[in-house]
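What follows is the content of input31.txt, which has compact mmCIF, N, CA and C atoms:
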# COMPACT_ATOMS: atom_id res chain seq x y z
N MET A 12 4.99 -33.43 -0.34
CA MET A 12 4.26 -32.37 0.31
C MET A 12 3.82 -31.37 -0.76
N PRO A 13 2.52 -31.04 -0.84
CA PRO A 13 2.05 -30.12 -1.86
C PRO A 13 2.50 -28.69 -1.56
N ASP A 14 2.66 -27.92 -2.62
CA ASP A 14 3.06 -26.52 -2.50
C ASP A 14 1.85 -25.69 -2.11
N SER A 15 1.90 -25.01 -0.96
CA SER A 15 0.75 -24.27 -0.46
C SER A 15 0.82 -22.77 -0.77
N ARG A 16 1.74 -22.37 -1.62
CA ARG A 16 1.88 -20.96 -1.96
C ARG A 16 0.67 -20.49 -2.75
N LEU A 17 0.24 -19.25 -2.47
CA LEU A 17 -0.89 -18.67 -3.19
C LEU A 17 -0.48 -18.13 -4.55
N GLU A 18 0.75 -17.72 -4.67
CA GLU A 18 1.21 -17.06 -5.88
C GLU A 18 2.02 -17.99 -6.77
N GLN A 19 1.91 -17.73 -8.05
CA GLN A 19 2.72 -18.46 -9.02
C GLN A 19 4.16 -17.99 -8.91
N ARG A 20 5.09 -18.92 -8.93
CA ARG A 20 6.51 -18.60 -8.93
C ARG A 20 7.02 -18.65 -10.36
N ASN A 21 7.95 -17.75 -10.66
CA ASN A 21 8.55 -17.70 -11.99
C ASN A 21 10.05 -17.90 -11.86
N LYS A 22 10.59 -18.71 -12.71
CA LYS A 22 12.04 -18.89 -12.77
C LYS A 22 12.62 -17.72 -13.53
N LYS A 23 13.42 -16.91 -12.86
CA LYS A 23 14.01 -15.74 -13.48
C LYS A 23 15.36 -15.48 -12.84
N ARG A 24 16.37 -15.35 -13.66
CA ARG A 24 17.72 -15.10 -13.15
C ARG A 24 18.09 -13.64 -13.36
N LEU A 25 18.07 -12.89 -12.27
CA LEU A 25 18.45 -11.48 -12.28
C LEU A 25 19.63 -11.30 -11.33
N SER A 26 20.51 -10.41 -11.68
CA SER A 26 21.63 -10.07 -10.80
C SER A 26 21.08 -9.27 -9.62
N VAL A 27 21.56 -9.58 -8.40
CA VAL A 27 21.09 -8.89 -7.19
C VAL A 27 22.28 -8.41 -6.38
N LYS A 28 22.22 -7.15 -5.97
CA LYS A 28 23.14 -6.63 -4.95
C LYS A 28 22.28 -6.42 -3.72
N PHE A 29 22.79 -6.77 -2.55
CA PHE A 29 21.98 -6.63 -1.35
C PHE A 29 22.85 -6.33 -0.14
N GLY A 30 22.21 -5.83 0.90
CA GLY A 30 22.91 -5.55 2.14
C GLY A 30 22.01 -4.80 3.11
N TYR A 31 22.50 -4.68 4.34
CA TYR A 31 21.73 -4.01 5.39
C TYR A 31 21.80 -2.50 5.22
N ASP A 32 23.01 -1.94 5.25
CA ASP A 32 23.19 -0.51 5.02
C ASP A 32 23.66 -0.24 3.60
N LYS A 33 24.65 -1.00 3.17
CA LYS A 33 25.23 -0.84 1.83
C LYS A 33 24.90 -2.07 1.00
N LEU A 34 24.91 -1.90 -0.31
CA LEU A 34 24.71 -3.02 -1.22
C LEU A 34 26.07 -3.69 -1.42
N GLU A 35 26.48 -4.49 -0.43
CA GLU A 35 27.84 -5.03 -0.41
C GLU A 35 27.97 -6.49 -0.83
N HIS A 36 26.86 -7.18 -1.01
CA HIS A 36 26.90 -8.59 -1.39
C HIS A 36 26.19 -8.79 -2.72
N THR A 37 26.52 -9.90 -3.39
CA THR A 37 25.89 -10.17 -4.68
C THR A 37 25.30 -11.58 -4.70
N GLY A 38 24.35 -11.75 -5.59
CA GLY A 38 23.72 -13.04 -5.78
C GLY A 38 22.85 -12.98 -7.02
N TYR A 39 22.01 -13.99 -7.17
CA TYR A 39 21.11 -14.08 -8.32
C TYR A 39 19.74 -14.57 -7.85
N THR A 40 18.69 -14.06 -8.48
CA THR A 40 17.36 -14.58 -8.19
C THR A 40 17.18 -15.91 -8.92
N SER A 41 16.29 -16.74 -8.40
CA SER A 41 15.96 -17.96 -9.12
C SER A 41 14.46 -18.23 -9.12
N ASP A 42 13.78 -17.81 -8.10
CA ASP A 42 12.37 -18.09 -7.92
C ASP A 42 11.71 -16.77 -7.54
N VAL A 43 10.85 -16.23 -8.41
CA VAL A 43 10.36 -14.86 -8.23
C VAL A 43 8.85 -14.80 -8.30
N SER A 44 8.25 -13.97 -7.43
CA SER A 44 6.82 -13.69 -7.49
C SER A 44 6.61 -12.23 -7.15
N TYR A 45 5.36 -11.77 -7.16
CA TYR A 45 5.08 -10.37 -6.86
C TYR A 45 5.50 -10.02 -5.43
N ARG A 46 5.31 -10.93 -4.50
CA ARG A 46 5.58 -10.63 -3.09
C ARG A 46 6.98 -10.95 -2.62
N GLY A 47 7.77 -11.64 -3.43
CA GLY A 47 9.11 -11.96 -2.98
C GLY A 47 9.91 -12.76 -3.98
N PHE A 48 11.12 -13.12 -3.58
CA PHE A 48 12.01 -13.86 -4.46
C PHE A 48 13.07 -14.58 -3.63
N PHE A 49 13.68 -15.58 -4.25
CA PHE A 49 14.78 -16.30 -3.62
C PHE A 49 16.08 -15.78 -4.20
N VAL A 50 17.03 -15.45 -3.32
CA VAL A 50 18.35 -14.99 -3.73
C VAL A 50 19.35 -16.11 -3.46
N GLU A 51 19.97 -16.59 -4.51
CA GLU A 51 21.05 -17.57 -4.36
C GLU A 51 22.32 -16.81 -4.05
N SER A 52 22.91 -17.12 -2.89
CA SER A 52 24.14 -16.44 -2.47
C SER A 52 24.79 -17.24 -1.34
N ARG A 53 26.12 -17.16 -1.28
CA ARG A 53 26.81 -17.79 -0.16
C ARG A 53 26.68 -16.96 1.11
N ILE A 54 26.35 -15.68 0.97
CA ILE A 54 26.12 -14.79 2.11
C ILE A 54 24.63 -14.78 2.40
N VAL A 55 24.25 -15.13 3.63
CA VAL A 55 22.84 -15.11 4.02
C VAL A 55 22.69 -14.37 5.34
N TYR A 56 21.55 -13.73 5.50
CA TYR A 56 21.20 -13.04 6.73
C TYR A 56 20.14 -13.85 7.47
N LYS A 57 19.99 -13.59 8.76
CA LYS A 57 18.99 -14.29 9.58
C LYS A 57 17.59 -13.79 9.25
N SER A 58 16.61 -14.62 9.53
CA SER A 58 15.20 -14.26 9.31
C SER A 58 14.85 -13.00 10.09
N GLY A 59 14.03 -12.15 9.47
CA GLY A 59 13.56 -10.94 10.11
C GLY A 59 14.39 -9.70 9.82
N ILE A 60 15.57 -9.86 9.24
CA ILE A 60 16.44 -8.73 8.94
C ILE A 60 15.91 -7.99 7.70
N ALA A 61 15.84 -6.66 7.80
CA ALA A 61 15.44 -5.84 6.65
C ALA A 61 16.66 -5.58 5.78
N LEU A 62 16.50 -5.75 4.48
CA LEU A 62 17.60 -5.55 3.54
C LEU A 62 17.18 -4.64 2.40
N ASN A 63 18.15 -3.96 1.83
CA ASN A 63 17.96 -3.24 0.58
C ASN A 63 18.48 -4.13 -0.53
N CYS A 64 17.73 -4.21 -1.61
CA CYS A 64 18.11 -5.06 -2.74
C CYS A 64 18.04 -4.26 -4.03
N GLU A 65 19.03 -4.47 -4.88
CA GLU A 65 19.06 -3.86 -6.21
C GLU A 65 19.11 -4.98 -7.23
N LEU A 66 18.03 -5.12 -7.99
CA LEU A 66 17.97 -6.12 -9.04
C LEU A 66 18.27 -5.44 -10.37
N THR A 67 19.04 -6.10 -11.21
CA THR A 67 19.39 -5.55 -12.51
C THR A 67 18.91 -6.50 -13.59
N THR A 68 18.14 -5.96 -14.54
CA THR A 68 17.64 -6.77 -15.64
C THR A 68 18.75 -6.97 -16.67
N ARG A 69 18.50 -7.84 -17.63
CA ARG A 69 19.49 -8.09 -18.68
C ARG A 69 19.79 -6.87 -19.53
N ASN A 70 18.81 -5.98 -19.66
CA ASN A 70 19.06 -4.77 -20.45
C ASN A 70 19.45 -3.58 -19.57
N GLY A 71 19.85 -3.85 -18.33
CA GLY A 71 20.44 -2.83 -17.47
C GLY A 71 19.49 -1.99 -16.64
N GLU A 72 18.20 -2.30 -16.67
CA GLU A 72 17.25 -1.55 -15.86
C GLU A 72 17.40 -1.95 -14.39
N ILE A 73 17.29 -0.94 -13.50
CA ILE A 73 17.50 -1.14 -12.08
C ILE A 73 16.16 -1.16 -11.34
N ILE A 74 16.02 -2.11 -10.44
CA ILE A 74 14.84 -2.22 -9.58
C ILE A 74 15.35 -2.18 -8.15
N LEU A 75 14.88 -1.20 -7.36
CA LEU A 75 15.28 -1.09 -5.96
C LEU A 75 14.14 -1.53 -5.07
N ILE A 76 14.46 -2.40 -4.13
CA ILE A 76 13.45 -3.00 -3.27
C ILE A 76 13.91 -2.97 -1.82
N GLU A 77 12.98 -2.67 -0.93
CA GLU A 77 13.22 -2.84 0.49
C GLU A 77 12.50 -4.13 0.87
N GLY A 78 13.23 -5.07 1.43
CA GLY A 78 12.65 -6.37 1.74
C GLY A 78 13.06 -6.89 3.10
N ARG A 79 12.48 -8.02 3.46
CA ARG A 79 12.78 -8.66 4.75
C ARG A 79 13.10 -10.12 4.49
N VAL A 80 14.10 -10.63 5.16
CA VAL A 80 14.47 -12.03 5.03
C VAL A 80 13.40 -12.87 5.73
N GLN A 81 12.71 -13.71 4.96
CA GLN A 81 11.69 -14.60 5.51
C GLN A 81 12.31 -15.89 6.05
N TRP A 82 13.27 -16.39 5.32
CA TRP A 82 13.97 -17.61 5.72
C TRP A 82 15.30 -17.65 4.99
N SER A 83 16.21 -18.41 5.54
CA SER A 83 17.51 -18.54 4.89
C SER A 83 18.08 -19.92 5.16
N LYS A 84 18.94 -20.35 4.25
CA LYS A 84 19.65 -21.62 4.47
C LYS A 84 21.06 -21.47 3.91
N LYS A 85 21.99 -21.90 4.70
CA LYS A 85 23.40 -21.80 4.34
C LYS A 85 23.85 -23.19 3.94
N GLY A 86 24.14 -23.36 2.67
CA GLY A 86 24.61 -24.65 2.17
C GLY A 86 26.12 -24.79 2.35
N VAL A 87 26.57 -26.00 2.46
CA VAL A 87 28.00 -26.29 2.55
C VAL A 87 28.58 -26.18 1.15
N MET A 88 29.70 -25.52 1.02
CA MET A 88 30.29 -25.24 -0.30
C MET A 88 30.47 -26.50 -1.13
N ARG A 89 30.93 -27.58 -0.53
CA ARG A 89 31.19 -28.79 -1.31
C ARG A 89 29.91 -29.48 -1.78
N HIS A 90 28.75 -29.08 -1.22
CA HIS A 90 27.47 -29.64 -1.65
C HIS A 90 26.61 -28.61 -2.38
N SER A 91 27.22 -27.57 -2.90
CA SER A 91 26.46 -26.49 -3.54
C SER A 91 25.67 -26.96 -4.76
N TYR A 92 26.12 -28.02 -5.39
CA TYR A 92 25.38 -28.54 -6.54
C TYR A 92 24.13 -29.31 -6.11
N ILE A 93 24.04 -29.68 -4.83
CA ILE A 93 22.89 -30.41 -4.31
C ILE A 93 21.93 -29.46 -3.60
N MET A 94 22.46 -28.63 -2.71
CA MET A 94 21.63 -27.76 -1.88
C MET A 94 22.00 -26.30 -2.11
N LYS A 95 21.03 -25.50 -2.53
CA LYS A 95 21.27 -24.09 -2.77
C LYS A 95 21.44 -23.35 -1.45
N SER A 96 22.33 -22.38 -1.45
CA SER A 96 22.51 -21.49 -0.32
C SER A 96 21.86 -20.16 -0.68
N GLY A 97 21.07 -19.61 0.21
CA GLY A 97 20.43 -18.34 -0.08
C GLY A 97 19.33 -18.01 0.88
N MET A 98 18.46 -17.09 0.47
CA MET A 98 17.39 -16.64 1.36
C MET A 98 16.16 -16.20 0.57
N GLY A 99 15.03 -16.38 1.22
CA GLY A 99 13.76 -15.91 0.68
C GLY A 99 13.52 -14.49 1.14
N ILE A 100 13.30 -13.58 0.21
CA ILE A 100 13.09 -12.17 0.53
C ILE A 100 11.62 -11.81 0.30
N TYR A 101 10.99 -11.25 1.32
CA TYR A 101 9.63 -10.74 1.22
C TYR A 101 9.72 -9.26 0.87
N ILE A 102 9.06 -8.84 -0.19
CA ILE A 102 9.12 -7.44 -0.62
C ILE A 102 8.23 -6.58 0.28
N LEU A 103 8.87 -5.62 0.97
CA LEU A 103 8.12 -4.67 1.79
C LEU A 103 7.63 -3.51 0.95
N LYS A 104 8.54 -2.98 0.11
CA LYS A 104 8.12 -1.91 -0.81
C LYS A 104 9.14 -1.75 -1.93
N PHE A 105 8.61 -1.25 -3.04
CA PHE A 105 9.45 -0.92 -4.18
C PHE A 105 9.90 0.53 -4.02
N LEU A 106 11.19 0.76 -4.15
CA LEU A 106 11.73 2.12 -4.11
C LEU A 106 11.90 2.67 -5.51
N LYS A 107 12.09 1.77 -6.48
CA LYS A 107 12.25 2.16 -7.88
C LYS A 107 12.01 0.94 -8.76
N GLY A 108 11.32 1.13 -9.86
CA GLY A 108 11.20 0.09 -10.87
C GLY A 108 10.12 -0.95 -10.67
N GLU A 109 9.07 -0.63 -9.93
CA GLU A 109 8.00 -1.62 -9.74
C GLU A 109 7.38 -2.04 -11.08
N ASP A 110 7.15 -1.08 -11.95
CA ASP A 110 6.57 -1.40 -13.26
C ASP A 110 7.50 -2.29 -14.08
N VAL A 111 8.81 -2.03 -13.98
CA VAL A 111 9.79 -2.86 -14.69
C VAL A 111 9.73 -4.29 -14.16
N TYR A 112 9.66 -4.43 -12.84
CA TYR A 112 9.59 -5.74 -12.20
C TYR A 112 8.35 -6.50 -12.65
N LEU A 113 7.21 -5.82 -12.60
CA LEU A 113 5.95 -6.47 -12.98
C LEU A 113 5.91 -6.85 -14.45
N SER A 114 6.37 -5.95 -15.31
CA SER A 114 6.33 -6.26 -16.74
C SER A 114 7.35 -7.34 -17.09
N LEU A 115 8.48 -7.31 -16.43
CA LEU A 115 9.51 -8.32 -16.67
C LEU A 115 8.99 -9.72 -16.35
N LEU A 116 8.22 -9.81 -15.31
CA LEU A 116 7.71 -11.11 -14.85
C LEU A 116 6.28 -11.36 -15.30
N ASP A 117 5.70 -10.39 -16.00
CA ASP A 117 4.31 -10.48 -16.45
C ASP A 117 3.38 -10.79 -15.29
N LEU A 118 3.53 -10.01 -14.21
CA LEU A 118 2.74 -10.23 -13.00
C LEU A 118 1.67 -9.16 -12.80
N ARG A 119 1.45 -8.31 -13.76
CA ARG A 119 0.46 -7.26 -13.58
C ARG A 119 -0.92 -7.84 -13.30
N GLU A 120 -1.29 -8.89 -14.00
CA GLU A 120 -2.60 -9.51 -13.80
C GLU A 120 -2.67 -10.16 -12.42
N GLU A 121 -1.59 -10.83 -12.00
CA GLU A 121 -1.57 -11.47 -10.69
C GLU A 121 -1.72 -10.44 -9.58
N LYS A 122 -1.07 -9.28 -9.71
CA LYS A 122 -1.19 -8.24 -8.69
C LYS A 122 -2.64 -7.77 -8.60
N ARG A 123 -3.28 -7.57 -9.74
CA ARG A 123 -4.67 -7.12 -9.73
C ARG A 123 -5.56 -8.14 -9.03
N ILE A 124 -5.35 -9.41 -9.28
CA ILE A 124 -6.13 -10.46 -8.64
C ILE A 124 -5.90 -10.45 -7.13
N LEU A 125 -4.65 -10.31 -6.70
CA LEU A 125 -4.34 -10.28 -5.27
C LEU A 125 -4.99 -9.08 -4.59
N ILE A 126 -4.98 -7.93 -5.27
CA ILE A 126 -5.60 -6.73 -4.70
C ILE A 126 -7.10 -6.93 -4.62
N ASP A 127 -7.72 -7.52 -5.64
CA ASP A 127 -9.15 -7.79 -5.64
C ASP A 127 -9.54 -8.73 -4.50
N ARG A 128 -8.65 -9.68 -4.20
CA ARG A 128 -8.93 -10.63 -3.11
C ARG A 128 -8.58 -10.07 -1.74
N HIS A 129 -7.91 -8.92 -1.71
CA HIS A 129 -7.44 -8.28 -0.47
C HIS A 129 -6.48 -9.15 0.31
N ILE A 130 -5.59 -9.80 -0.43
CA ILE A 130 -4.58 -10.66 0.20
C ILE A 130 -3.41 -9.81 0.59

This structure in structure tokens:
Amino acid sequence: MPDSRLEQRNKKRLSVKFGYDKLEHTGYTSDVSYRGFFVESRIVYKSGIALNCELTTRNGEIILIEGRVQWSKKGVMRHSYIMKSGMGIYILKFLKGEDVYLSLLDLREEKRILIDRHI
């Protein structure tokens, strides 16, 4: 099945803290774009839930994001090497560090193209 995504995905491993009210769970990003990212974690929320996410870069810069769970899948622990457990997060808005996020992923040009296309 061909990939129908409009945006380029980037493989990037960032530490993530996330939660509904508090940042009480941890995970790592693996697949990142301007509009969202995949969080690998044994803790997953149902689709449609709004979450706060704190991403930390390797040099300690903090990116705060308000996002929504687009989809999630809970893998069985004994098959974790086969099937990832986690969720796709759609970015609703940046609360802090949008420039850090864009420069880290070199997505400034992609954002401009998306805005030009009114996507």

* **Ref. answer, residues at most 5 Å from (14.0, -16.2, 2.9) with only N, CA and C atoms, as a PyMOL selection string** => chain A and resi 80-83+98-100

* Asked: Which residues, written as a ChimeraX atom specification, have at least one atom at most 7 Å from Arg79 of chain A, with all atoms listed in the file counted and residues fewer than 5 positions away on the same chain left out?
  -> /A:58-62,99-103

* To do: Tell me, as a ChimeraX atom specification, which residues lie within 8 Å of Lys23 of chain A, counting only N, CA and C atoms; anything in the same chain fewer than 4 positions away does not count.
  => /A:39-43,116

Output of the above residues as a PDB file, in the coordinates of the input, restricted to N, CA and C atoms:
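Produced file again21.pdb, reproduced below:
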ATOM      1  N   TYR A  39      22.010 -13.990  -7.170  1.00  0.00           N
ATOM      2  CA  TYR A  39      21.110 -14.080  -8.320  1.00  0.00           C
ATOM      3  C   TYR A  39      19.740 -14.570  -7.850  1.00  0.00           C
ATOM      4  N   THR A  40      18.690 -14.060  -8.480  1.00  0.00           N
ATOM      5  CA  THR A  40      17.360 -14.580  -8.190  1.00  0.00           C
ATOM      6  C   THR A  40      17.180 -15.910  -8.920  1.00  0.00           C
ATOM      7  N   SER A  41      16.290 -16.740  -8.400  1.00  0.00           N
ATOM      8  CA  SER A  41      15.960 -17.960  -9.120  1.00  0.00           C
ATOM      9  C   SER A  41      14.460 -18.230  -9.120  1.00  0.00           C
ATOM     10  N   ASP A  42      13.780 -17.810  -8.100  1.00  0.00           N
ATOM     11  CA  ASP A  42      12.370 -18.090  -7.920  1.00  0.00           C
ATOM     12  C   ASP A  42      11.710 -16.770  -7.540  1.00  0.00           C
ATOM     13  N   VAL A  43      10.850 -16.230  -8.410  1.00  0.00           N
ATOM     14  CA  VAL A  43      10.360 -14.860  -8.230  1.00  0.00           C
ATOM     15  C   VAL A  43       8.850 -14.800  -8.300  1.00  0.00           C
ATOM     16  N   LEU A 116       8.220  -9.810 -15.310  1.00  0.00           N
ATOM     17  CA  LEU A 116       7.710 -11.110 -14.850  1.00  0.00           C
ATOM     18  C   LEU A 116       6.280 -11.360 -15.300  1.00  0.00           C
TER      19      LEU A 116
END

* Pairwise distance for atom N of Arg24 of chain A and atom CA of His36 of chain A, rounded to one decimal in Å -> 17.5 Å

* **All strand (DSSP E or B) residues (DSSP, backbone) inside segment 14-108 of chain A, as a ChimeraX atom specification** => /A:21-22,26-30,36-43,47-51,61-67,73-84,97-107

* For Ile74 of chain A, list every protein, DNA or RNA residue within 5 Å, evaluated using all atoms listed in the file, and leave out those in the same chain fewer than 2 positions away; present the list as number ranges by chain. => A: 65-66, 72, 76, 107-108

Could you give me the centre and size, in Å to one decimal, of an axis-aligned box around all listed atoms of segment 76-79 of chain A with 5 Å added on every side, as JSON?
{"center_x": 13.5, "center_y": -6.3, "center_z": 0.3, "size_x": 12.0, "size_y": 17.7, "size_z": 18.9}

* Asked: Hey, can you check how far atom C of Ser96 of chain A sits from atom C of Asp110 of chain A?
  ->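 Between atom C of Ser96 of chain A and atom C of Asp110 of chain A the gap works out to 26.6 Å.
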